[in-house]
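**Q** File follows, model_32.cif with mmCIF, C-alpha atoms and all ligand atoms:
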```
data_start
loop_
_atom_site.label_atom_id
_atom_site.label_comp_id
_atom_site.auth_asym_id
_atom_site.auth_seq_id
_atom_site.Cartn_x
_atom_site.Cartn_y
_atom_site.Cartn_z
CA LYS X 454 -17.35 0.92 -11.85
CA LEU X 455 -14.24 0.62 -9.74
CA SER X 456 -10.84 1.80 -11.01
CA VAL X 457 -8.37 -0.96 -11.91
CA ARG X 458 -6.36 0.21 -8.90
CA LEU X 459 -9.19 -0.30 -6.41
CA ALA X 460 -10.38 -3.46 -8.19
CA THR X 461 -6.91 -4.91 -7.58
CA VAL X 462 -7.26 -4.14 -3.87
CA ALA X 463 -10.77 -5.66 -3.90
CA LYS X 464 -9.45 -8.94 -5.33
CA TYR X 465 -7.80 -9.66 -2.00
CA VAL X 466 -10.87 -9.18 0.18
CA THR X 467 -12.87 -12.36 0.72
CA GLU X 468 -16.53 -13.13 1.23
CA GLY X 469 -17.65 -12.80 4.83
CA ALA X 470 -14.76 -10.52 5.78
CA ARG X 471 -15.19 -7.72 8.28
CA ILE X 472 -13.09 -4.89 6.95
CA ALA X 473 -11.93 -1.40 7.76
CA ASP X 474 -11.09 0.83 4.79
CA ILE X 475 -8.95 3.63 6.20
CA GLY X 476 -8.85 6.88 4.22
CA SER X 477 -11.94 5.71 2.39
CA ASP X 478 -12.79 9.09 0.83
CA HIS X 479 -15.95 8.45 -1.28
CA ALA X 480 -16.22 4.90 0.18
CA TYR X 481 -16.21 3.39 -3.32
CA LEU X 482 -14.20 0.38 -2.17
CA PRO X 483 -16.42 -0.71 0.76
CA CYS X 484 -19.55 -0.04 -1.33
CA TYR X 485 -18.21 -2.26 -4.10
CA LEU X 486 -17.22 -4.97 -1.61
CA ALA X 487 -20.64 -4.89 0.07
CA LYS X 488 -22.42 -5.22 -3.27
CA ASN X 489 -20.13 -7.68 -5.08
CA VAL X 490 -18.02 -9.65 -2.62
CA GLY X 491 -20.42 -10.31 0.24
CA ILE X 492 -18.42 -8.80 3.05
CA ARG X 493 -20.16 -9.04 6.40
CA PHE X 494 -19.31 -5.58 7.67
CA ALA X 495 -17.17 -2.55 6.86
CA VAL X 496 -15.92 0.54 8.62
CA ALA X 497 -15.14 3.43 6.27
CA GLY X 498 -12.69 5.66 8.17
CA GLU X 499 -11.87 9.23 7.19
CA VAL X 500 -9.88 11.93 8.90
CA ALA X 501 -11.11 14.83 6.73
CA VAL X 502 -14.61 16.33 6.82
CA GLY X 503 -15.24 16.60 3.05
CA PRO X 504 -14.33 12.98 2.25
CA TYR X 505 -16.17 11.80 5.37
CA GLN X 506 -19.36 13.50 4.18
CA SER X 507 -18.92 12.15 0.68
CA ALA X 508 -18.57 8.61 2.14
CA GLU X 509 -21.73 9.08 4.25
CA ARG X 510 -23.65 10.32 1.23
CA ASN X 511 -22.61 7.42 -1.01
CA VAL X 512 -23.25 4.73 1.60
CA LEU X 513 -26.70 6.16 2.25
CA SER X 514 -27.66 6.53 -1.39
CA GLU X 515 -26.48 2.96 -2.11
CA GLY X 516 -28.64 1.73 0.77
CA LEU X 517 -25.64 0.14 2.47
CA SER X 518 -25.84 1.75 5.93
CA ASP X 519 -26.58 -1.64 7.56
CA ILE X 520 -23.27 -3.04 6.35
CA ILE X 521 -21.00 0.03 6.21
CA SER X 522 -20.35 2.24 9.20
CA VAL X 523 -18.80 5.57 8.17
CA ARG X 524 -16.62 7.03 10.93
CA MET X 525 -14.54 10.13 11.32
CA GLY X 526 -11.11 9.81 12.89
CA ASP X 527 -7.38 9.40 12.46
CA GLY X 528 -6.18 6.04 11.14
CA LEU X 529 -7.15 2.96 13.13
CA GLU X 530 -8.68 4.94 15.98
CA VAL X 531 -12.06 4.54 14.23
CA ILE X 532 -12.12 0.78 14.91
CA GLN X 533 -12.70 -1.08 18.17
CA PRO X 534 -10.37 -3.95 19.09
CA GLY X 535 -11.76 -7.18 17.61
CA GLU X 536 -14.15 -5.45 15.22
CA VAL X 537 -12.49 -6.30 11.91
CA ASP X 538 -10.32 -9.05 10.40
CA CYS X 539 -9.08 -7.23 7.30
CA ILE X 540 -7.79 -3.70 6.77
CA THR X 541 -7.50 -1.95 3.41
CA ILE X 542 -5.57 1.30 2.97
CA ALA X 543 -5.24 2.69 -0.55
CA GLY X 544 -4.17 5.81 -2.38
CA MET X 545 -1.70 7.26 0.12
CA GLY X 546 2.06 7.34 0.47
CA GLY X 547 3.74 4.26 1.93
CA THR X 548 5.14 6.24 4.84
CA LEU X 549 1.68 7.47 5.82
CA ILE X 550 0.27 3.92 5.57
CA LYS X 551 3.15 2.64 7.70
CA ASN X 552 2.50 5.35 10.33
CA ILE X 553 -1.21 4.51 10.43
CA LEU X 554 -0.36 0.84 11.09
CA GLU X 555 2.33 1.72 13.63
CA ASN X 556 0.06 4.08 15.58
CA GLY X 557 -2.80 1.57 15.54
CA LYS X 558 -0.82 -1.55 16.43
CA ASN X 559 -3.12 -2.33 19.36
CA LYS X 560 -6.03 -2.79 16.94
CA LEU X 561 -4.32 -5.46 14.86
CA ASP X 562 -4.80 -8.52 17.11
CA SER X 563 -8.00 -9.62 15.35
CA VAL X 564 -6.73 -8.63 11.90
CA ASN X 565 -5.42 -11.44 9.72
CA ARG X 566 -4.97 -9.63 6.42
CA LEU X 567 -3.72 -6.22 5.33
CA VAL X 568 -4.30 -5.06 1.76
CA LEU X 569 -2.26 -1.94 1.12
CA GLN X 570 -1.86 0.21 -1.97
CA PRO X 571 0.89 2.77 -1.48
CA ASN X 572 1.28 5.44 -4.17
CA LEU X 573 4.94 5.81 -3.24
CA SER X 574 7.52 4.12 -1.05
CA ALA X 575 6.24 0.55 -0.85
CA ILE X 576 9.61 -0.11 0.80
CA SER X 577 8.42 1.52 4.05
CA ILE X 578 5.57 -0.97 4.23
CA ARG X 579 7.77 -3.97 3.46
CA LYS X 580 10.18 -2.83 6.21
CA TRP X 581 7.31 -2.37 8.66
CA PHE X 582 6.04 -5.89 7.85
CA LEU X 583 9.50 -7.29 8.54
CA ALA X 584 9.77 -5.50 11.89
CA ASN X 585 6.25 -6.45 13.01
CA ASN X 586 5.90 -10.11 12.02
CA TRP X 587 3.63 -9.60 9.04
CA GLU X 588 4.45 -11.85 6.13
CA LEU X 589 4.18 -10.39 2.66
CA VAL X 590 2.11 -13.06 0.87
CA ALA X 591 1.39 -11.46 -2.51
CA GLU X 592 2.13 -8.34 -4.56
CA GLU X 593 0.65 -6.80 -7.65
CA ILE X 594 1.80 -4.01 -9.91
CA ILE X 595 -0.59 -2.31 -12.30
CA GLU X 596 -0.71 0.72 -14.57
CA GLU X 597 -3.73 2.97 -14.95
CA ASP X 598 -3.94 6.36 -16.66
CA GLY X 599 -0.18 6.49 -17.02
CA LYS X 600 0.45 5.88 -13.29
CA ILE X 601 1.96 2.78 -11.79
CA TYR X 602 0.61 1.36 -8.54
CA GLU X 603 1.67 -1.49 -6.26
CA VAL X 604 -0.60 -3.52 -4.01
CA LEU X 605 0.91 -5.40 -1.05
CA ILE X 606 -0.89 -8.12 0.87
CA GLY X 607 0.25 -9.07 4.36
CA GLU X 608 -0.74 -11.85 6.72
CA LYS X 609 0.61 -12.85 10.10
CA GLY X 610 3.41 -15.36 9.59
CA ASP X 611 7.12 -15.60 8.93
CA PRO X 612 8.14 -12.11 7.82
CA TYR X 613 11.44 -13.33 6.33
CA LYS X 614 9.85 -16.04 4.19
CA PRO X 615 9.62 -13.93 1.00
CA TYR X 616 13.22 -12.70 1.38
CA ARG X 617 15.23 -15.91 1.26
CA THR X 618 17.72 -14.50 -1.24
CA ASN X 619 18.44 -10.77 -1.46
CA VAL X 620 16.71 -8.87 1.35
CA ASP X 621 17.72 -5.38 0.15
CA MET X 622 16.52 -6.06 -3.36
CA GLY X 623 13.28 -7.58 -2.10
CA LEU X 624 12.57 -4.65 0.20
CA LEU X 625 13.14 -2.07 -2.53
CA LEU X 626 11.45 -3.77 -5.50
CA GLY X 627 9.21 -6.42 -3.97
CA PRO X 628 10.20 -10.09 -3.86
CA PHE X 629 7.11 -11.34 -5.74
CA LEU X 630 7.35 -8.56 -8.32
CA VAL X 631 11.05 -9.29 -8.95
CA LYS X 632 10.13 -12.91 -9.60
CA LYS X 633 7.19 -12.09 -11.88
CA GLN X 634 8.98 -9.48 -14.04
CA ASP X 635 5.78 -7.89 -15.39
CA ALA X 636 6.28 -5.41 -18.23
CA VAL X 637 4.96 -2.66 -15.92
CA PHE X 638 7.49 -3.60 -13.27
CA ARG X 639 10.36 -3.39 -15.74
CA LYS X 640 9.08 -0.07 -17.02
CA LYS X 641 8.79 1.42 -13.52
CA TRP X 642 12.30 0.50 -12.44
CA ALA X 643 13.93 1.40 -15.73
CA ALA X 644 12.41 4.88 -15.29
CA GLU X 645 13.47 5.11 -11.63
CA LYS X 646 17.01 4.16 -12.56
CA LYS X 647 17.12 6.78 -15.27
CA ASN X 648 15.94 9.37 -12.78
CA TRP X 649 18.60 8.33 -10.23
CA GLN X 650 21.25 8.56 -12.96
CA ARG X 651 20.14 12.12 -13.64
CA ILE X 652 20.34 13.01 -9.93
CA TYR X 653 23.72 11.32 -9.72
CA GLY X 654 24.95 13.45 -12.61
CA ALA X 655 23.76 16.61 -10.88
CA LEU X 656 25.57 15.58 -7.67
CA GLU X 657 28.76 15.02 -9.64
CA GLY X 658 28.66 18.68 -10.58
CA ALA X 659 27.98 19.81 -6.99
CA ALA X 660 30.54 20.54 -4.29
CA LYS X 661 32.02 17.32 -2.88
CA THR X 662 30.80 17.24 0.71
CA ALA X 663 30.32 14.22 2.98
CA GLU X 664 26.63 14.59 2.36
CA THR X 665 26.77 14.52 -1.43
CA ASN X 666 29.18 11.58 -1.27
CA GLU X 667 26.77 9.69 0.91
CA LYS X 668 23.86 10.46 -1.40
CA LYS X 669 25.87 9.32 -4.40
CA GLN X 670 26.74 6.06 -2.70
CA GLU X 671 23.07 5.48 -1.86
CA LEU X 672 22.12 6.04 -5.49
CA ILE X 673 24.83 3.66 -6.68
CA ASN X 674 23.58 0.98 -4.30
CA LYS X 675 20.00 1.37 -5.44
CA MET X 676 20.94 1.41 -9.12
CA LYS X 677 22.92 -1.82 -8.62
CA LEU X 678 19.92 -3.51 -7.01
CA VAL X 679 17.67 -2.45 -9.87
CA GLU X 680 20.16 -3.55 -12.53
CA GLU X 681 20.49 -6.92 -10.88
CA ALA X 682 16.72 -7.31 -10.51
CA LEU X 683 16.09 -6.48 -14.16
CA GLU X 684 18.73 -8.98 -15.29
CA ASN X 685 16.61 -11.71 -13.73
CA GLU X 686 14.58 -12.36 -16.84
CA LYS X 687 11.66 -14.71 -16.37
N1 LIG L 1 -8.77 5.14 -0.42
C1 LIG L 1 -9.32 5.95 -1.49
C2 LIG L 1 -8.78 5.51 -2.82
O1 LIG L 1 -7.78 4.79 -2.83
O2 LIG L 1 -9.33 5.88 -3.85
C3 LIG L 1 -9.05 7.42 -1.27
C4 LIG L 1 -7.62 7.86 -1.42
S1 LIG L 1 -7.42 9.56 -1.01
C5 LIG L 1 -6.18 10.05 -2.10
C6 LIG L 1 -6.63 9.51 0.59
C7 LIG L 1 -7.62 9.72 1.70
O3 LIG L 1 -7.01 9.39 2.94
C8 LIG L 1 -8.07 11.18 1.81
O4 LIG L 1 -9.48 11.24 1.72
C9 LIG L 1 -7.57 11.58 3.22
O5 LIG L 1 -8.47 12.44 3.88
C10 LIG L 1 -7.47 10.26 3.93
N2 LIG L 1 -6.50 10.20 5.04
C11 LIG L 1 -5.23 10.69 5.06
N3 LIG L 1 -4.66 10.43 6.25
C12 LIG L 1 -5.57 9.74 6.99
C13 LIG L 1 -5.57 9.22 8.31
N4 LIG L 1 -4.51 9.36 9.10
N5 LIG L 1 -6.68 8.60 8.74
C14 LIG L 1 -7.76 8.47 7.94
N6 LIG L 1 -7.81 8.96 6.69
C15 LIG L 1 -6.74 9.60 6.22
#
```
Can you dump the structure from the file as structure tokens?
**A**
Amino acid sequence: KLSVRLATVAKYVTEGARIADIGSDHAYLPCYLAKNVGIRFAVAGEVAVGPYQSAERNVLSEGLSDIISVRMGDGLEVIQPGEVDCITIAGMGGTLIKNILENGKNKLDSVNRLVLQPNLSAISIRKWFLANNWELVAEEIIEEDGKIYEVLIGEKGDPYKPYRTNVDMGLLLGPFLVKKQDAVFRKKWAAEKKNWQRIYGALEGAAKTAETNEKKQELINKMKLVEEALENEK
């Protein structure tokens, strides 16, 4: 059975899709999609030998080698232009996901949906979407085993559409998530704010350099955005 985290990613992959799951590790996600969602084809990409072998093993033992092609390589270099219409990337930092997309831009022409699950720094993905004409069309936030995860879905479109009001707040917290105000969302940002307050306190005790002043200002700005976002009750 798939984790809640990967099941949330799977929700956004549709029947008949041709997908690439980058950083697939054990290939649980493409195996699940092949068995339960009726995808046409999947590439399971892995940059590391151990995970690559584990993906190969699982795909073989599930009898899914006709549908899933396991490939070794860095990011989107494992796919040919035009081969897939949906890319999933889960379980990595947002900066790494952003770099994989940036370095593989030339493979995105045929892709109409990105389903991304950053462990950290979803903001880097939202910023990349904005700069590259991908429209954020949906967001989810979930908690599993005491960890909080976000899932971002992008399609080609008007990248500013979700940010009609406060762009900075939307980029940091997620425009759909701010609107929804899930309990998990409120919990995540209350904890982040508390942590920033602690860091701010430590900086207050440190020598007052231009650098610490700048860091303090950054923290104040972020804390204001979070306060404002959490005031927006449903
Ligand atoms: N996607 C799976 C999931 O969400 O459960 C596995 C997540 S695992 C923590 C991250 C995987 O990404 C590792 O197996 C790692 O080898 C792979 N990875 C990291 N950087 C990569 C890159 N540039 N290209 C392909 N795979 C990469």
**Q** What is the distance, in Å and to one decimal place, between CA of Ser477 in chain X and CA of Ser577 in chain X?
**A**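 Interatomic distance here is 20.9 Å.
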**Q** Which residues of range 524-597 of chain X have any atom within 12 Å of an atom in range 504-520 of chain X when counting all atoms listed in the file, and what is the closest pair of atoms for each, with the distance in Å to one decimal? Order the rows by chain and rising number and write it as JSON lines.
**A**
```
{"residue": "X:Arg524", "atom": "CA", "partner": "X:Tyr505", "partner_atom": "CA", "distance": 7.3}
{"residue": "X:Met525", "atom": "CA", "partner": "X:Tyr505", "partner_atom": "CA", "distance": 6.4}
{"residue": "X:Gly526", "atom": "CA", "partner": "X:Tyr505", "partner_atom": "CA", "distance": 9.3}
{"residue": "X:Asp527", "atom": "CA", "partner": "X:Tyr505", "partner_atom": "CA", "distance": 11.5}
```
**Q** Counting all atoms listed in the file, what are the residues of range 532-578 of chain X within 7 Å of range 472-475 of chain X, and for each of them which pair of atoms is the nearest and at what distance in Å, to one decimal? Sort the table by chain and rising number, as a Markdown table.
**A**
```
| residue | atom | partner | partner_atom | distance |
| --- | --- | --- | --- | --- |
| X:Val537 | CA | X:Ile472 | CA | 5.2 |
| X:Asp538 | CA | X:Ile472 | CA | 6.1 |
| X:Cys539 | CA | X:Ile472 | CA | 4.7 |
| X:Ile540 | CA | X:Ala473 | CA | 4.8 |
| X:Thr541 | CA | X:Asp474 | CA | 4.7 |
| X:Ile542 | CA | X:Ile475 | CA | 5.2 |
```
**Q** Which residues of chain X have any atom within 8 Å of an atom in ligand LIG 1 (chain L) when counting all atoms listed in the file, and what is the closest pair of atoms for each, with the distance in Å to one decimal? Order the rows by chain and rising number and write it as a Markdown table.
**A**
```
| residue | atom | partner | partner_atom | distance |
| --- | --- | --- | --- | --- |
| X:Arg458 | CA | L:LIG1 | O1 | 7.7 |
| X:Leu459 | CA | L:LIG1 | O1 | 6.4 |
| X:Asp474 | CA | L:LIG1 | N1 | 7.1 |
| X:Ile475 | CA | L:LIG1 | C14 | 5.3 |
| X:Gly476 | CA | L:LIG1 | O3 | 3.4 |
| X:Ser477 | CA | L:LIG1 | N1 | 4.3 |
| X:Asp478 | CA | L:LIG1 | O4 | 4.0 |
| X:His479 | CA | L:LIG1 | C3 | 7.0 |
| X:Ala480 | CA | L:LIG1 | C1 | 7.2 |
| X:Tyr481 | CA | L:LIG1 | O2 | 7.3 |
| X:Leu482 | CA | L:LIG1 | N1 | 7.4 |
| X:Gly498 | CA | L:LIG1 | C14 | 5.7 |
| X:Glu499 | CA | L:LIG1 | N6 | 4.1 |
| X:Val500 | CA | L:LIG1 | C14 | 4.2 |
| X:Ala501 | CA | L:LIG1 | O5 | 4.6 |
| X:Val502 | CA | L:LIG1 | O5 | 7.8 |
| X:Gly503 | CA | L:LIG1 | O4 | 8.0 |
| X:Pro504 | CA | L:LIG1 | O4 | 5.2 |
| X:Tyr505 | CA | L:LIG1 | O4 | 7.6 |
| X:Met525 | CA | L:LIG1 | C14 | 7.8 |
| X:Gly526 | CA | L:LIG1 | C14 | 6.1 |
| X:Asp527 | CA | L:LIG1 | N5 | 3.9 |
| X:Gly528 | CA | L:LIG1 | N5 | 3.5 |
| X:Leu529 | CA | L:LIG1 | N5 | 7.2 |
| X:Ile542 | CA | L:LIG1 | N1 | 6.0 |
| X:Ala543 | CA | L:LIG1 | O1 | 4.0 |
| X:Gly544 | CA | L:LIG1 | O1 | 3.8 |
| X:Met545 | CA | L:LIG1 | C6 | 5.4 |
| X:Leu549 | CA | L:LIG1 | N3 | 7.0 |
| X:Ile553 | CA | L:LIG1 | N4 | 6.0 |
| X:Gln570 | CA | L:LIG1 | O1 | 7.5 |
```
**Q** As a ChimeraX atom specification, please: the residues near Ala460 in chain X (cut-off 10 Å, only C-alpha atoms, same-chain neighbours under 6 positions excluded).
**A** /X:454,482,485-486
**Q** Generate a file of the selected residues that holds C-alpha atoms, formatted as an mmCIF file, in the coordinates of the input.
**A**
```cif
data_model
loop_
_atom_site.group_PDB
_atom_site.id
_atom_site.type_symbol
_atom_site.label_atom_id
_atom_site.label_comp_id
_atom_site.auth_asym_id
_atom_site.auth_seq_id
_atom_site.Cartn_x
_atom_site.Cartn_y
_atom_site.Cartn_z
ATOM 1 C CA LYS X 454 -17.350 0.920 -11.850
ATOM 2 C CA LEU X 482 -14.200 0.380 -2.170
ATOM 3 C CA TYR X 485 -18.210 -2.260 -4.100
ATOM 4 C CA LEU X 486 -17.220 -4.970 -1.610
#
```
**Q** CA of Leu678 in chain X and CA of Trp649 in chain X are how many Å apart?
**A**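 Distance reported for this atom pair: 12.3 Å.
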**Q** For a quick check of understanding, using only C-alpha atoms, which of X:Asp621, X:Glu588, X:Asp611, X:Glu681 has the smallest distance to Arg639 in chain X?
**A** X:Glu681
**Q** Rank nothing, just name the residue among X:Pro483, X:Pro571, X:Gly557, X:Gly491 nearest to Gln533 in chain X, using all atoms listed in the file.
**A**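 Once distances to Gln533 in chain X are computed over all atoms listed in the file, the minimum belongs to X:Gly557.
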**Q** Of the residues X:Asn489, X:Asn674, X:Asn666, X:Thr467, which is the one nearest to Met622 in chain X, using only C-alpha atoms?
**A**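 Comparing X:Asn489, X:Asn674, X:Asn666, X:Thr467 against Met622 in chain X, the winner is X:Asn674.
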**Q** Of the residues X:Glu680, X:Glu664, X:Glu555, X:Asp635, which is the one nearest to Asn585 in chain X, using all atoms listed in the file?
**A**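 Of the candidates, the smallest distance to Asn585 in chain X is held by X:Glu555.
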**Q** Might I get the box with edges along x, y and z of the file that holds all atoms of range 613-632 of chain X listed there, padded by 5 Å on every side, given as centre and edge lengths in Å to one decimal, as lines of an AutoDock Vina configuration file?
**A**
```
center_x = 12.8
center_y = -9.1
center_z = -1.6
size_x = 21.3
size_y = 24.0
size_z = 25.9
```
**Q** When you draw a straight line from CA of Asp598 in chain X to CA of Lys646 in chain X, how long is it in Å?
**A** 21.5 Å
**Q** For Gly469 in chain X, which residue out of X:Ile492, X:Val631, X:Ala643, X:Cys484 is the nearest one, using only C-alpha atoms?
**A** X:Ile492
**Q** Looking at X:Val496, X:Val457, X:Leu561, X:Leu589, which one is nearest to Val531 in chain X, with distances taken over only C-alpha atoms?
**A**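 Counting only C-alpha atoms, the residue closest to Val531 in chain X is X:Val496.
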**Q** For Lys609 in chain X, list every protein, DNA or RNA residue within 8 Å, evaluated using all atoms listed in the file, and leave out those in the same chain fewer than 4 positions away; present the list as a PyMOL selection string.
**A** chain X and resi 565-566+586-588
